[in-house]
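Colleague: My file is protein_37.txt. It has compact mmCIF, C-alpha atoms:
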```
# COMPACT_ATOMS: atom_id res chain seq x y z
CA MET A 29 8.34 6.70 -57.85
CA ALA A 30 10.34 3.61 -56.99
CA HIS A 31 8.73 1.34 -59.59
CA ASN A 32 9.85 3.62 -62.43
CA LEU A 33 6.72 2.93 -64.46
CA THR A 34 5.31 6.08 -66.00
CA GLN A 35 2.67 7.67 -63.77
CA ARG A 36 0.24 10.19 -65.20
CA LYS A 37 -1.10 13.34 -63.53
CA ASP A 38 -4.38 11.62 -62.69
CA GLY A 39 -2.49 8.95 -60.74
CA SER A 40 -2.98 6.17 -63.29
CA VAL A 41 0.05 4.16 -64.40
CA GLU A 42 1.05 3.31 -67.96
CA TYR A 43 1.02 -0.43 -67.42
CA ALA A 44 -1.38 -3.33 -67.98
CA TYR A 45 -0.98 -6.97 -67.06
CA ALA A 46 -2.76 -10.31 -67.25
CA GLY A 47 -2.32 -13.04 -64.68
CA GLU A 48 -0.52 -12.56 -61.38
CA THR A 49 -0.51 -9.13 -59.77
CA PRO A 50 2.95 -7.55 -60.23
CA TRP A 51 5.09 -6.63 -57.24
CA HIS A 52 4.22 -2.91 -57.48
CA LYS A 53 0.44 -3.68 -57.46
CA LEU A 54 -0.11 -0.90 -60.03
CA GLY A 55 -1.53 -0.78 -63.53
CA THR A 56 -4.65 -2.22 -65.13
CA ALA A 57 -5.48 -5.88 -64.47
CA VAL A 58 -6.87 -7.71 -67.50
CA LEU A 59 -8.93 -10.88 -67.50
CA GLY A 60 -8.17 -12.99 -70.54
CA ALA A 61 -6.12 -12.18 -73.60
CA MET A 62 -5.40 -8.70 -74.92
CA THR A 63 -4.95 -7.61 -78.50
CA ALA A 64 -2.27 -5.02 -79.23
CA GLU A 65 -4.98 -2.40 -79.65
CA GLU A 66 -6.46 -3.26 -76.25
CA ALA A 67 -3.02 -3.32 -74.66
CA ILE A 68 -2.33 0.24 -75.82
CA ARG A 69 -5.65 1.46 -74.45
CA LEU A 70 -5.54 -0.40 -71.13
CA ALA A 71 -1.91 0.55 -70.46
CA ASN A 72 -2.64 4.23 -71.23
CA LEU A 73 -0.27 4.20 -74.19
CA ALA A 74 -2.60 5.80 -76.75
CA TRP A 75 -0.46 8.92 -76.99
CA THR A 76 1.72 10.12 -79.84
CA VAL A 77 5.19 11.60 -80.14
CA SER A 78 6.38 14.43 -82.36
CA LYS A 79 9.82 15.63 -83.39
CA ARG A 80 10.36 19.32 -82.68
CA GLN A 81 13.30 21.47 -83.70
CA LEU A 82 15.42 22.89 -80.91
CA MET A 83 16.67 26.43 -80.51
CA THR A 84 18.94 28.24 -78.10
CA LEU A 85 17.58 30.33 -75.25
CA ASP A 86 18.25 33.48 -77.27
CA GLY A 87 16.17 32.25 -80.22
CA ILE A 88 18.78 30.80 -82.58
CA ASP A 89 17.52 27.75 -84.53
CA CYS A 90 19.48 24.49 -84.25
CA PRO A 91 18.64 22.72 -87.54
CA GLU A 92 20.68 19.61 -86.68
CA PHE A 93 19.05 19.00 -83.31
CA PHE A 94 15.50 17.97 -82.46
CA ALA A 95 13.61 16.87 -79.38
CA THR A 96 11.16 13.99 -79.26
CA VAL A 97 8.17 15.18 -77.25
CA ARG A 98 5.01 13.52 -75.99
CA ASP A 99 2.06 15.32 -77.53
CA ASP A 100 -0.32 14.71 -74.63
CA ASN A 101 1.76 16.43 -71.95
CA ASN A 102 4.65 18.10 -73.85
CA LEU A 103 7.21 16.04 -71.95
CA PRO A 104 10.60 15.95 -73.75
CA LEU A 105 11.81 12.37 -74.12
CA GLY A 106 15.13 12.70 -75.92
CA MET A 107 17.30 14.56 -78.41
CA VAL A 108 17.71 13.23 -81.97
CA GLY A 109 19.10 14.22 -85.34
CA PRO A 110 17.35 15.31 -88.55
CA ALA A 111 17.22 11.75 -89.99
CA TYR A 112 15.28 10.39 -87.02
CA ALA A 113 11.67 9.48 -87.75
CA VAL A 114 9.05 9.02 -85.05
CA PHE A 115 7.43 5.60 -84.89
CA GLN A 116 4.24 5.63 -82.86
CA ASN A 117 3.23 3.07 -80.23
CA HIS A 118 0.29 1.78 -82.25
CA GLN A 119 2.55 1.18 -85.27
CA ALA A 120 5.05 -0.86 -83.28
CA PHE A 121 2.40 -2.87 -81.47
CA ALA A 122 0.36 -3.63 -84.59
CA SER A 123 3.38 -5.30 -86.18
CA PHE A 124 3.42 -7.70 -83.24
CA ASP A 125 -0.24 -8.70 -83.12
CA GLY A 126 -0.45 -11.18 -85.99
CA ALA A 127 2.61 -13.14 -84.90
CA VAL A 128 1.41 -13.48 -81.32
CA GLY A 129 -1.94 -14.81 -82.49
CA ASP A 130 -0.41 -17.25 -84.94
CA LEU A 131 1.89 -18.61 -82.24
CA GLY A 132 -1.00 -19.10 -79.84
CA GLY A 133 0.36 -16.46 -77.51
CA LYS A 134 -1.25 -13.99 -75.16
CA TYR A 135 -0.10 -10.58 -73.97
CA VAL A 136 0.87 -10.69 -70.31
CA SER A 137 2.26 -7.20 -69.75
CA CYS A 138 2.93 -3.92 -71.50
CA GLY A 139 3.74 -0.41 -70.42
CA SER A 140 6.16 2.48 -70.45
CA ILE A 141 9.00 3.50 -68.17
CA ASP A 142 10.84 6.77 -67.56
CA GLY A 143 7.96 8.98 -68.65
CA GLY A 144 7.52 7.13 -71.94
CA LYS A 145 11.13 6.98 -73.05
CA ARG A 146 10.86 3.23 -73.44
CA ILE A 147 7.85 1.06 -74.30
CA PHE A 148 7.61 -2.71 -73.92
CA LEU A 149 5.12 -5.46 -74.83
CA LEU A 150 5.55 -9.04 -73.62
CA ALA A 151 3.61 -12.04 -74.93
CA GLU A 152 3.63 -15.50 -73.36
CA LEU A 153 3.54 -18.34 -75.88
CA LYS A 154 1.52 -21.53 -75.50
CA ASP A 155 4.27 -24.15 -75.67
CA ASP A 156 7.03 -24.53 -73.09
CA LEU A 157 10.46 -25.91 -73.85
CA ILE A 158 11.78 -28.86 -71.81
CA ILE A 159 15.54 -29.45 -71.74
CA LYS A 160 16.70 -33.02 -71.02
CA LYS A 161 13.11 -33.79 -69.93
CA VAL A 162 13.66 -32.03 -66.58
CA ASP A 163 14.34 -28.33 -67.11
CA GLN A 164 11.21 -26.36 -68.06
CA LEU A 165 11.51 -23.04 -69.89
CA ARG A 166 8.54 -20.75 -70.46
CA LEU A 167 8.77 -18.92 -73.77
CA TYR A 168 7.90 -15.31 -74.61
CA LEU A 169 8.14 -12.76 -77.40
CA LEU A 170 9.30 -9.31 -76.34
CA LEU A 171 8.97 -6.05 -78.24
CA THR A 172 10.90 -3.01 -77.02
CA HIS A 173 10.64 0.47 -78.46
CA ALA A 174 12.43 3.66 -77.39
CA HIS A 175 11.24 7.22 -78.01
CA ASP A 176 14.39 8.92 -76.69
CA GLY A 177 16.65 8.06 -79.62
CA THR A 178 18.72 5.48 -77.72
CA ALA A 179 17.43 2.27 -79.30
CA ALA A 180 15.71 0.81 -82.34
CA ILE A 181 12.42 -1.05 -82.37
CA ARG A 182 13.50 -4.56 -81.44
CA PHE A 183 11.96 -8.03 -81.26
CA MET A 184 13.44 -10.70 -78.97
CA ARG A 185 12.58 -14.18 -77.85
CA THR A 186 12.80 -14.63 -74.11
CA ALA A 187 13.10 -17.90 -72.19
CA VAL A 188 12.36 -18.01 -68.46
CA ARG A 189 13.57 -20.94 -66.36
CA VAL A 190 10.39 -21.76 -64.44
CA VAL A 191 11.93 -22.94 -61.16
CA CYS A 192 14.26 -20.00 -60.51
CA GLN A 193 12.84 -17.35 -62.90
CA ASN A 194 16.10 -16.77 -64.76
CA THR A 195 15.62 -14.95 -68.05
CA LEU A 196 17.60 -15.20 -71.26
CA ASN A 197 16.79 -12.68 -73.98
CA MET A 198 17.90 -13.72 -77.43
CA ALA A 199 17.96 -11.97 -80.77
CA LEU A 200 15.34 -13.10 -83.29
CA ALA A 201 17.76 -13.38 -86.18
CA ALA A 202 20.76 -15.37 -87.29
CA GLY A 203 24.14 -13.88 -86.46
CA GLY A 204 22.98 -12.31 -83.20
CA SER A 205 22.23 -8.89 -84.65
CA GLY A 206 18.56 -9.14 -83.74
CA LEU A 207 15.41 -8.24 -85.57
CA TYR A 208 14.97 -4.49 -85.41
CA ALA A 209 14.01 -1.36 -87.28
CA ARG A 210 15.79 1.93 -86.76
CA HIS A 211 13.87 5.18 -86.52
CA THR A 212 14.33 6.30 -90.12
CA ARG A 213 11.80 7.51 -92.66
CA ASN A 214 11.29 4.01 -94.08
CA ALA A 215 11.04 2.29 -90.69
CA SER A 216 7.46 1.24 -91.35
CA GLU A 217 8.60 -0.65 -94.44
CA LYS A 218 11.20 -2.55 -92.41
CA ILE A 219 8.86 -3.75 -89.69
CA VAL A 220 8.11 -7.37 -90.48
CA ASN A 221 4.63 -8.75 -90.90
CA GLY A 222 3.21 -11.42 -88.63
CA ALA A 223 4.00 -14.34 -90.93
CA GLU A 224 7.64 -13.31 -91.24
CA LEU A 225 7.98 -12.90 -87.49
CA VAL A 226 6.47 -16.34 -86.90
CA GLY A 227 8.93 -17.87 -89.34
CA LEU A 228 11.89 -16.15 -87.73
CA TYR A 229 10.71 -17.16 -84.27
CA SER A 230 10.26 -20.80 -85.24
CA LYS A 231 13.73 -21.02 -86.77
CA SER A 232 15.29 -19.15 -83.87
CA MET A 233 13.63 -21.30 -81.21
CA LEU A 234 14.57 -24.52 -82.99
CA LYS A 235 18.17 -23.36 -83.03
CA PHE A 236 18.02 -22.40 -79.35
CA LYS A 237 16.59 -25.80 -78.39
CA GLU A 238 19.41 -27.51 -80.25
CA GLN A 239 21.95 -25.29 -78.50
CA ALA A 240 20.42 -25.86 -75.06
CA GLU A 241 20.33 -29.63 -75.51
CA ALA A 242 23.92 -29.55 -76.72
CA LEU A 243 25.01 -27.46 -73.72
CA ALA A 244 23.25 -29.91 -71.39
CA SER A 245 25.17 -32.78 -73.02
CA VAL A 246 28.62 -31.30 -72.36
CA VAL A 247 30.14 -32.03 -68.96
CA VAL A 248 32.67 -29.27 -68.37
CA LYS A 249 36.12 -29.76 -66.91
CA ALA A 250 37.65 -27.52 -64.28
CA GLN A 251 39.86 -25.69 -66.79
CA GLU A 252 36.82 -25.06 -69.03
CA VAL A 253 34.91 -23.59 -66.12
CA GLU A 254 37.86 -21.32 -65.37
CA LYS A 255 38.08 -20.23 -69.02
CA PHE A 256 34.34 -19.50 -69.06
CA ILE A 257 34.59 -17.39 -65.89
CA ARG A 258 37.55 -15.43 -67.20
CA GLU A 259 35.76 -14.62 -70.44
CA VAL A 260 32.41 -13.69 -68.92
CA PHE A 261 33.84 -11.58 -66.11
CA GLU A 262 36.71 -10.21 -68.21
CA VAL A 263 39.53 -11.50 -66.00
CA PRO A 264 42.92 -11.46 -67.79
CA GLU A 265 44.82 -14.75 -67.72
CA ASN A 266 47.82 -13.16 -66.05
CA ALA A 267 45.75 -11.37 -63.40
CA GLU A 268 46.99 -12.30 -59.92
CA GLU A 269 43.86 -11.01 -58.19
CA THR A 270 40.52 -9.44 -59.00
CA SER A 271 38.42 -6.80 -57.28
CA THR A 272 36.46 -7.87 -54.23
CA GLN A 273 33.14 -7.27 -55.98
CA LYS A 274 34.12 -9.28 -59.05
CA GLN A 275 35.47 -12.13 -56.94
CA GLN A 276 32.23 -12.24 -54.98
CA ALA A 277 30.31 -12.47 -58.26
CA ILE A 278 32.54 -15.32 -59.47
CA ASN A 279 32.16 -17.19 -56.17
CA THR A 280 28.38 -16.84 -56.38
CA VAL A 281 28.25 -18.22 -59.91
CA LEU A 282 30.49 -21.15 -59.00
CA ASN A 283 28.34 -21.91 -55.95
CA LYS A 284 25.16 -21.84 -58.07
CA PHE A 285 26.84 -24.04 -60.65
CA GLU A 286 27.57 -26.69 -58.03
CA ASN A 287 24.62 -26.27 -55.67
CA GLY A 288 21.76 -24.62 -57.60
CA GLU A 289 18.42 -26.39 -57.31
CA LEU A 290 18.21 -27.61 -60.92
CA ASN A 291 21.95 -27.67 -61.47
CA ARG A 292 22.37 -30.67 -59.14
CA ILE A 293 20.00 -33.08 -60.85
CA PRO A 294 21.14 -35.81 -63.26
CA GLY A 295 21.26 -34.68 -66.85
CA ILE A 296 21.99 -31.08 -65.85
CA ALA A 297 24.65 -31.26 -63.13
CA GLY A 298 28.17 -30.33 -64.18
CA THR A 299 27.20 -29.33 -67.71
CA ALA A 300 27.72 -26.19 -69.74
CA TRP A 301 23.95 -25.61 -69.48
CA ALA A 302 24.23 -25.58 -65.68
CA LEU A 303 27.14 -23.15 -65.92
CA LEU A 304 25.14 -20.82 -68.16
CA ASN A 305 22.13 -20.92 -65.85
CA ALA A 306 24.27 -20.30 -62.79
CA THR A 307 25.41 -17.08 -64.45
CA THR A 308 21.94 -16.00 -65.55
CA GLU A 309 20.60 -16.62 -62.03
CA TYR A 310 23.34 -14.39 -60.62
CA ALA A 311 22.67 -11.73 -63.25
CA ASP A 312 18.90 -11.69 -62.65
CA HIS A 313 18.78 -11.95 -58.87
CA MET A 314 22.13 -11.20 -57.22
CA ALA A 315 24.19 -8.77 -59.31
CA PRO A 316 24.61 -5.25 -57.87
CA SER A 317 22.59 -3.82 -60.77
CA VAL A 318 19.50 -5.81 -59.74
CA THR A 319 19.61 -5.97 -55.95
CA ASP A 320 18.96 -2.31 -55.21
CA THR A 321 15.31 -1.96 -56.22
CA PRO A 322 12.87 -4.10 -58.24
CA GLU A 323 12.63 -1.52 -61.02
CA ARG A 324 16.40 -1.62 -61.48
CA ARG A 325 16.15 -5.40 -61.66
CA PHE A 326 13.62 -5.17 -64.47
CA LYS A 327 15.53 -2.57 -66.48
CA SER A 328 18.93 -4.20 -66.00
CA SER A 329 17.67 -7.71 -66.71
CA MET A 330 15.87 -6.71 -69.90
CA PHE A 331 17.94 -3.82 -71.26
CA GLY A 332 21.05 -3.13 -69.18
CA THR A 333 24.22 -4.56 -67.66
CA SER A 334 22.54 -7.70 -66.37
CA ASN A 335 21.31 -8.52 -69.87
CA ASP A 336 24.79 -7.84 -71.25
CA LEU A 337 26.29 -10.28 -68.73
CA LYS A 338 23.81 -12.99 -69.73
CA ASN A 339 24.58 -12.49 -73.41
CA ALA A 340 28.31 -12.77 -72.67
CA ALA A 341 27.63 -15.99 -70.74
CA LEU A 342 25.67 -17.48 -73.63
CA THR A 343 28.46 -16.65 -76.07
CA ALA A 344 31.08 -18.18 -73.79
CA ALA A 345 29.00 -21.27 -73.08
CA LEU A 346 28.45 -22.02 -76.76
CA LYS A 347 32.22 -22.16 -77.20
CA LEU A 348 32.22 -25.19 -74.87
CA ILE A 349 30.16 -27.32 -77.27
```
Here is the file; what I need is its structure written in the form of structure tokens.

Modeller:
Amino acid sequence: MAHNLTQRKDGSVEYAYAGETPWHKLGTAVLGAMTAEEAIRLANLAWTVSKRQLMTLDGIDCPEFFATVRDDNNLPLGMVGPAYAVFQNHQAFASFDGAVGDLGGKYVSCGSIDGGKRIFLLAELKDDLIIKKVDQLRLYLLLTHAHDGTAAIRFMRTAVRVVCQNTLNMALAAGGSGLYARHTRNASEKIVNGAELVGLYSKSMLKFKEQAEALASVVVKAQEVEKFIREVFEVPENAEETSTQKQQAINTVLNKFENGELNRIPGIAGTAWALLNATTEYADHMAPSVTDTPERRFKSSMFGTSNDLKNAALTAALKLI
């Protein structure tokens, strides 16, 4: 189906949400806050995964290759090696519950996509962040978890610019490596407890606020804008021309930088913060990877090329401080 959320044989969808009805109008609506345990049940995620050894069609064992398989419907999710250890949905979600409660947050959506290959849990936090007293950011904690062997269990802080719904996902750890646990036998020991996650979040958000305020205090010159664009869109300095698609993307970002709704107001206009947000708005709403279908927008913005572009923009913008 177009939405790419996992749909079960009985027609139900592995998705639950609180608040506004999502664009696809599917999943379980929840009144009030959810615990992680309730989220798993309401989003139909109370299934387990097992690792099963592969063999050739003629019966030869392949000891170095295994499949991850959903136990409820025997759907293969991915291929992994012998060191891979399964980490169940309830284990990943439970590690999130204490931190969300301590931060005064509430779960707003959770579900699975691509048949259960990837699981996500998003919590909205109680306090917004205001940059330069005019730019409101809504704050979230995001947990992502892959059963197909392509990604670790990862925690991120996410800021959404309220007016234009731009998102910026940021690693919950110093150095940009993120807070994560790989699927190894001791993964459960590496998952942080709620108190540790709260501490990391608080430090990370304080640092982000400082960075955002600093970016909004730097008025960028024309040559700095050009340098930013070249870095983000990977345009060599000696390049005489760029592809039509890339040039269109650059023109869109520059137009948003100069004419975007929030980017024109005093305190924001002409700053590195405006330049960053012009790029994130393009990445979330106008890039080719997000304009095809809404489900591609979600996947690309949170996990794919759109998210990569936003991370590159943040890195480049911080160099302007």

Colleague: Contacts between region 240-246 of chain A and region 139-163 of chain A, please, where a residue of region 139-163 of chain A counts if it comes within 12 Å (with all atoms listed in the file); show its shortest atom pair and distance in Å to one decimal, rows by chain and ascending number, as CSV.

Modeller:
```
residue,atom,partner,partner_atom,distance
A:Leu157,CA,A:Ala240,CA,10.0
A:Ile158,CA,A:Glu241,CA,9.3
A:Ile159,CA,A:Glu241,CA,6.1
A:Lys160,CA,A:Glu241,CA,6.7
A:Lys161,CA,A:Glu241,CA,10.0
A:Val162,CA,A:Ala244,CA,10.9
A:Asp163,CA,A:Ala244,CA,10.0
```

Colleague: Using CA of Ala151 (chain A) and CA of Ser137 (chain A) as the two end points, give the distance in Å to one decimal.

Modeller: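 For CA of Ala151 (chain A) relative to CA of Ser137 (chain A), the distance reads 7.2 Å.
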
Colleague: Which is closer to Leu290 (chain A) than all the others in A:Val253, A:Ala111, A:Leu170, A:Leu303, using all atoms listed in the file?

Modeller: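 Distance minimum relative to Leu290 (chain A) lands on A:Leu303.
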
Colleague: Let me make sure I understand: among A:Lys255, A:His118, A:His175, A:Lys154, which one has the smallest atom-to-atom distance to Ala344 (chain A) if we use all atoms listed in the file?

Modeller: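 The answer is A:Lys255, which sits nearest to Ala344 (chain A).
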
Colleague: Give as an mmCIF file with C-alpha atoms, in the frame of the given file each residue that has an atom at most 9 Å from (-3.3, -0.3, -71.9) in the file, counting only C-alpha atoms.

Modeller:
```cif
data_model
loop_
_atom_site.group_PDB
_atom_site.id
_atom_site.type_symbol
_atom_site.label_atom_id
_atom_site.label_comp_id
_atom_site.auth_asym_id
_atom_site.auth_seq_id
_atom_site.Cartn_x
_atom_site.Cartn_y
_atom_site.Cartn_z
ATOM 1 C CA GLU A 42 1.050 3.310 -67.960
ATOM 2 C CA TYR A 43 1.020 -0.430 -67.420
ATOM 3 C CA ALA A 44 -1.380 -3.330 -67.980
ATOM 4 C CA TYR A 45 -0.980 -6.970 -67.060
ATOM 5 C CA GLY A 55 -1.530 -0.780 -63.530
ATOM 6 C CA THR A 56 -4.650 -2.220 -65.130
ATOM 7 C CA ALA A 64 -2.270 -5.020 -79.230
ATOM 8 C CA GLU A 65 -4.980 -2.400 -79.650
ATOM 9 C CA GLU A 66 -6.460 -3.260 -76.250
ATOM 10 C CA ALA A 67 -3.020 -3.320 -74.660
ATOM 11 C CA ILE A 68 -2.330 0.240 -75.820
ATOM 12 C CA ARG A 69 -5.650 1.460 -74.450
ATOM 13 C CA LEU A 70 -5.540 -0.400 -71.130
ATOM 14 C CA ALA A 71 -1.910 0.550 -70.460
ATOM 15 C CA ASN A 72 -2.640 4.230 -71.230
ATOM 16 C CA LEU A 73 -0.270 4.200 -74.190
ATOM 17 C CA ALA A 74 -2.600 5.800 -76.750
ATOM 18 C CA CYS A 138 2.930 -3.920 -71.500
ATOM 19 C CA GLY A 139 3.740 -0.410 -70.420
#
```

Colleague: Between A:Gln116, A:Gly177, A:Val77, A:Leu82, which has the minimum distance to Val97 (chain A) (counting all atoms listed in the file)?

Modeller: A:Val77

Colleague: A:Asn287, A:Thr76, A:Gln119, A:Ser230: which is nearest Leu131 (chain A), counting only C-alpha atoms?

Modeller: A:Ser230

Colleague: Mind checking which residues fall within 12 Å of Ala300 (chain A), counting all atoms listed in the file, ignoring those fewer than 3 positions away in the same chain, and posting them as a VMD selection string?

Modeller: chain A and resid 239 to 250 252 to 253 255 to 257 285 to 286 291 295 to 297 303 to 307 341 to 349

Colleague: May I have the selected residues written with C-alpha atoms, as a short mmCIF file (atom, residue, chain, number, x, y, z; two decimals), in the coordinates of the input?

Modeller:
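Final output, saved to result_21.cif:
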```
data_model
loop_
_atom_site.label_atom_id
_atom_site.label_comp_id
_atom_site.auth_asym_id
_atom_site.auth_seq_id
_atom_site.Cartn_x
_atom_site.Cartn_y
_atom_site.Cartn_z
CA GLN A 239 21.95 -25.29 -78.50
CA ALA A 240 20.42 -25.86 -75.06
CA GLU A 241 20.33 -29.63 -75.51
CA ALA A 242 23.92 -29.55 -76.72
CA LEU A 243 25.01 -27.46 -73.72
CA ALA A 244 23.25 -29.91 -71.39
CA SER A 245 25.17 -32.78 -73.02
CA VAL A 246 28.62 -31.30 -72.36
CA VAL A 247 30.14 -32.03 -68.96
CA VAL A 248 32.67 -29.27 -68.37
CA LYS A 249 36.12 -29.76 -66.91
CA ALA A 250 37.65 -27.52 -64.28
CA GLU A 252 36.82 -25.06 -69.03
CA VAL A 253 34.91 -23.59 -66.12
CA LYS A 255 38.08 -20.23 -69.02
CA PHE A 256 34.34 -19.50 -69.06
CA ILE A 257 34.59 -17.39 -65.89
CA PHE A 285 26.84 -24.04 -60.65
CA GLU A 286 27.57 -26.69 -58.03
CA ASN A 291 21.95 -27.67 -61.47
CA GLY A 295 21.26 -34.68 -66.85
CA ILE A 296 21.99 -31.08 -65.85
CA ALA A 297 24.65 -31.26 -63.13
CA LEU A 303 27.14 -23.15 -65.92
CA LEU A 304 25.14 -20.82 -68.16
CA ASN A 305 22.13 -20.92 -65.85
CA ALA A 306 24.27 -20.30 -62.79
CA THR A 307 25.41 -17.08 -64.45
CA ALA A 341 27.63 -15.99 -70.74
CA LEU A 342 25.67 -17.48 -73.63
CA THR A 343 28.46 -16.65 -76.07
CA ALA A 344 31.08 -18.18 -73.79
CA ALA A 345 29.00 -21.27 -73.08
CA LEU A 346 28.45 -22.02 -76.76
CA LYS A 347 32.22 -22.16 -77.20
CA LEU A 348 32.22 -25.19 -74.87
CA ILE A 349 30.16 -27.32 -77.27
#
```

Colleague: Tell me which protein, DNA and RNA residues are within 6 Å of Leu153 (chain A), counting all atoms listed in the file, leaving out same-chain ones fewer than 2 positions away, and put them as a PyMOL selection string.

Modeller: chain A and resi 133+155+167-168

Colleague: Write the residues of the preceding selection, restricted to C-alpha atoms, as a PDB file, in the coordinates of the input.

Modeller:
```pdb
ATOM      1  CA  GLY A 133       0.360 -16.460 -77.510  1.00  0.00           C
ATOM      2  CA  ASP A 155       4.270 -24.150 -75.670  1.00  0.00           C
ATOM      3  CA  LEU A 167       8.770 -18.920 -73.770  1.00  0.00           C
ATOM      4  CA  TYR A 168       7.900 -15.310 -74.610  1.00  0.00           C
TER       5      TYR A 168
END
```

Colleague: Quick one: residues within 8 Å of Ala46 (chain A), only C-alpha atoms counted, chain neighbours fewer than 4 positions away excluded, as a list in words?

Modeller: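 The filter keeps Ala57, Val58, Leu59, Gly60, Ala61, Tyr135, Val136 and Ser137 of chain A.
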
Colleague: May I ask for the distance between CA of Ala113 (chain A) and CA of Ser40 (chain A), given in Å to one decimal place?

Modeller: 28.7 Å

Colleague: As a VMD selection string, please: the residues near Glu262 (chain A) (cut-off 12 Å, all atoms listed in the file, same-chain neighbours under 3 positions excluded).

Modeller: chain A and resid 254 to 259 265 to 267 270 to 271 274 to 275 278 337 340 to 341 344

Colleague: Can I get region 175-189 of chain A with N, CA and C atoms filled in, as a short mmCIF file (atom, residue, chain, number, x, y, z; two decimals), keeping the file's coordinate frame?

Modeller:
```cif
data_model
loop_
_atom_site.label_atom_id
_atom_site.label_comp_id
_atom_site.auth_asym_id
_atom_site.auth_seq_id
_atom_site.Cartn_x
_atom_site.Cartn_y
_atom_site.Cartn_z
N HIS A 175 11.58 5.92 -77.43
CA HIS A 175 11.24 7.22 -78.01
C HIS A 175 12.31 8.28 -77.74
N ASP A 176 13.38 7.91 -77.05
CA ASP A 176 14.39 8.92 -76.69
C ASP A 176 15.61 8.90 -77.60
N GLY A 177 15.55 8.10 -78.66
CA GLY A 177 16.65 8.06 -79.62
C GLY A 177 17.78 7.12 -79.26
N THR A 178 17.62 6.33 -78.18
CA THR A 178 18.72 5.48 -77.72
C THR A 178 18.67 4.06 -78.26
N ALA A 179 17.54 3.66 -78.86
CA ALA A 179 17.43 2.27 -79.30
C ALA A 179 16.44 2.15 -80.44
N ALA A 180 16.63 1.11 -81.24
CA ALA A 180 15.71 0.81 -82.34
C ALA A 180 14.52 0.03 -81.82
N ILE A 181 13.52 -0.16 -82.67
CA ILE A 181 12.42 -1.05 -82.37
C ILE A 181 12.96 -2.47 -82.50
N ARG A 182 12.82 -3.25 -81.45
CA ARG A 182 13.50 -4.56 -81.44
C ARG A 182 12.55 -5.68 -80.99
N PHE A 183 12.71 -6.84 -81.62
CA PHE A 183 11.96 -8.03 -81.26
C PHE A 183 12.94 -9.05 -80.70
N MET A 184 12.58 -9.68 -79.58
CA MET A 184 13.44 -10.70 -78.97
C MET A 184 12.60 -11.87 -78.51
N ARG A 185 13.20 -13.04 -78.50
CA ARG A 185 12.58 -14.18 -77.85
C ARG A 185 13.19 -14.29 -76.46
N THR A 186 12.36 -14.59 -75.50
CA THR A 186 12.80 -14.63 -74.11
C THR A 186 12.41 -15.98 -73.51
N ALA A 187 13.36 -16.63 -72.87
CA ALA A 187 13.10 -17.90 -72.19
C ALA A 187 13.28 -17.68 -70.69
N VAL A 188 12.31 -18.15 -69.91
CA VAL A 188 12.36 -18.01 -68.46
C VAL A 188 12.41 -19.40 -67.84
N ARG A 189 13.45 -19.67 -67.06
CA ARG A 189 13.57 -20.94 -66.36
C ARG A 189 12.54 -20.94 -65.23
#
```
